[in-house]
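Beneath this line is the structure, given in structure tokens, with notes to follow.
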Amino acid sequence: MALGELLAGFASPSLSPLTAVGGAVIDAVPPGVKDWAVSVFGTADKAALLAGMALVIGVLASLAGVLEFRRGYRGAAVVGIFGAVGAVAVLTRAQMTPIAVALPLVTAVVAVVLLRFLIGKLREWNAGTLPGGPGSSRRSFLQALAGTAAVSAAAGVLAGAWRGATNAVSDARARITLPVPASPAPPVPAGADLDVAGVTPLVTPNREFYRIDTALSVPAVNPDNWALKVTGMVDREIQLSYAELLAKPLTERHITIACVSNGVGGDLIGNARWLGWPVRELLAQAGPHPGADMVLSRSTDGWTAGTPLEVLTDTRDALLAVGMNGEPLPLEHGFPVRMIVPGLYGYVSATKWVTELKVTTFAQDAGYWTPRGWSERGPVKTSSRIDVPRSGRPVSAGSVVFAGVAWAQHTGIGRVELRINRGPWREAELAAGLSADTWYQWKLAVDLTPGQYEVQVRATDLTGKPQEETERPPEPDGATGFHTVRVDVKS
Ligand SMILES: Nc1nc2c(c(=O)[nH]1)N[C@H]1C(S)=C(S)[C@@H](COP(=O)(O)O)O[C@H]1N2
Ligand SMILES: [Mo]
């Protein structure tokens with residue numbers, strides 16, 4: 001369990017197996033019991049719950065030990081059920097993520113392995129089978145037990161310390177009230193959402209938003225200690241606190257960000273309503289020197305992105321973002337502050353947990369991924385995806401509705417077309433966009449008789465430039481090719 005909690009500290013800071021079970025218990029107990037617990041334990045009610053959980057876990061673990069000793073795999077079954085209960089508890093939580101669901105199961109697997117190992121040692125002692133006689137069998141068991149206890153205790157202490165730091169930041173986040181934007185996001189136009197079942201929602205909920213970064217553990221950055229420095233080739237170096245940033249006139253915009261590693265048809269892309277201060281305003285105060293052509297943004301964990309200076313100083317809404325879909329940024333998405341730049345892949349622009357903007361040149365500096373084989377510049381490539389019907393899923397003959405999304409951030413989508421079995425392109429209905437900086441939904445109903453079909457989609461941007469047909473992998477500057485699905489039409 002300690003290992004599960006420790007793993008959660010790294011991979012799932014907002015939801016560990018124990019906090020999930022505890023949260024589920026709190027939600028499940030009848031109000032009467034809850035009131036009773038609060039009246040008896042007062043503000044120590046959470047500690048009491050944890051102590052109660054420790055007691056139940058201790059009893060169940062002992063039971064598993066006794067059962068396993070009597071007959072192999074009985075105790076393992078108890079542990080397995082325990083892990084499954086944990087996973088179900090996670091499923092009931094708002095912060096649920098696939099990793100969080102997996103952790104109780106991983107915990108159970110580790111526990112079963114340990115249980116089988118220790119019971120094996122105990123049996124050896126019981127039978128006195130080791131060559132050194134009963135004494136050595138006993139010693140071997142006790143050593144294994146002590147080793148397990150020591151590793152568990154160390155993992156538990158580490159997990160506790162980590163959770164303490166993360167909790168402090170989560171609490172600070174929970175206390176933040178985001179300011180009302182000076183420039184609110186334009187309203188969602190009627191018809192932007194085509195309302196087709198299974199199509200990507202126009203705005204991605206925070207907890208479904210893809211997450212990509214090199215951070216093994218999610219950085220826990222306290223907003224009270226956060227500061228952003230503007231350094232390098234500038235007239236005036238600037239330092240900005242979180243409170244100062246929140247006091248600026250903020251802009252709110254829907255912006256779709258995508259990962260350069262997103263393969264054709266992939267889902268490393270999401271659209272959110274970001275609240276932030278335009279980076280151009282900050283840079284204007286700093287006064288970049290004439291020779292500068294790049295801004296190297298750096299995060300607390302040392303990761304960097306190299307963004308063309310012109311993109312951060314032109315009229316687009318490149319933001320120092322503090323809000324995501326009406327909430328302070330989630331920890332995983334860069335709390336307290338990150339960059340969001342319309343039109344560029346994340347690896348050259350979307351620095352999370354950002355603390356420094358160094359005005360520099362491409363000749364002098366390079367972002368994290370450039371020396372690792374990825375292109376120095378990363379403008380998003382016009383692309384499109386078929387969401388429904390899902391590839392390989394059978395559908396009934398007749399009118400089959402195809403739908404999906406298309407994107408060409410900061411240029412906008414002009415047209416989306418579909419072709420069946422490499423036939424002529426047919427124009428799909430293109431929904432109103434939120435803005436040129438976001439993806440657009442599209443749909444097309446096609447009459448299909450029973451059989452197998454290969455369906456492809458192609459987007460054309462608002463300048464009339466169609467999406468690249470040649471299939472290329474993501475490395476070094478983004479995948480190209482048409483998303484292709486195979487549809488099995490049944491009579
Ligand atoms: N600090 C930091 N910021 C980062 C990264 C990173 O590894 N570290 N990855 C970038 C990449 S490659 C992408 S695609 C986006 C993803 O942002 P998200 O996880 O909020 O979706 O974050 C960017 N910002
Ligand atoms: Mo990325």
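Letters for chains follow the order of the structure tokens (A, B, ...), residue numbers begin at 1 for each chain, and ligand numbers begin at 1 in the order shown.
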Subject >> 9 Å shell around ligand 1 using only C-alpha atoms and all ligand atoms, listed as a ChimeraX atom specification >> reply: /A:209-215,219,257-262,268-270,298-305,329-330,332-334,338-340,345-354,368-369
Original post:
Looking only at the backbone, which of the residues in region 13-91 of chain A does DSSP tag as alpha helix (DSSP H), as a VMD selection string?
Top reply: chain A and resid 17 to 28 31 to 41 45 to 70 74 to 91
Original post:
Which one is closest to ligand 2: A:Val33, A:Met1, A:Pro476, A:Gly451? Count only C-alpha atoms and all ligand atoms.
Top reply: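 Ranked by minimum distance to ligand 2, first place goes to A:Pro476.
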Would you pick out the contacts of Thr449 (chain A) at 9 Å or less, using only C-alpha atoms, so that residues sharing its chain but fewer than 3 positions from it are not included, and give the list as a CSV table (one decimal) with N, CA and C atoms, in the first residue's frame?
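As written to disk, around.csv reads:
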chain,number,residue,atom,x,y,z
A,396,SER,N,-25.0,-0.1,-39.6
A,396,SER,CA,-26.1,-0.6,-40.4
A,396,SER,C,-26.1,0.1,-41.7
A,397,ALA,N,-26.5,-0.6,-42.8
A,397,ALA,CA,-26.6,0.0,-44.1
A,397,ALA,C,-27.7,1.1,-44.1
A,398,GLY,N,-27.5,2.0,-45.1
A,398,GLY,CA,-28.4,3.2,-45.2
A,398,GLY,C,-27.6,4.4,-45.0
A,399,SER,N,-28.2,5.4,-44.4
A,399,SER,CA,-27.5,6.7,-44.2
A,399,SER,C,-26.6,6.6,-43.0
A,489,VAL,N,-20.1,-2.2,-43.2
A,489,VAL,CA,-21.5,-1.9,-43.2
A,489,VAL,C,-22.3,-3.2,-43.4
A,490,LYS,N,-23.2,-3.5,-42.4
A,490,LYS,CA,-24.0,-4.7,-42.3
A,490,LYS,C,-25.4,-4.4,-42.9
A,491,SER,N,-26.0,-5.5,-43.4
A,491,SER,CA,-27.3,-5.2,-44.0
A,491,SER,C,-28.4,-5.0,-42.8
**OP:** Can you work out which one of A:Trp226, A:Trp374, A:Trp162, A:Phe10 has the shortest atom-to-atom distance to ligand 2, counting only C-alpha atoms and all ligand atoms?
**Re:** A:Trp374
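You can rank A:Thr438, A:Thr411, A:Val416, A:Glu237 by their closest distance to Leu462 (chain A) using only C-alpha atoms, and at the top of that list sits A:Thr411.
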**OP:** Can you pull out every residue within 12 Å of region 278-286 of chain A, counting only C-alpha atoms, but drop anything in the same chain fewer than 2 positions away, and send it as a PyMOL selection string?
**Re:** chain A and resi 181-183+228-240+244-245+248-253+274-276+288-289+292+294-295+297+307+309-322+337-342+349+357-359
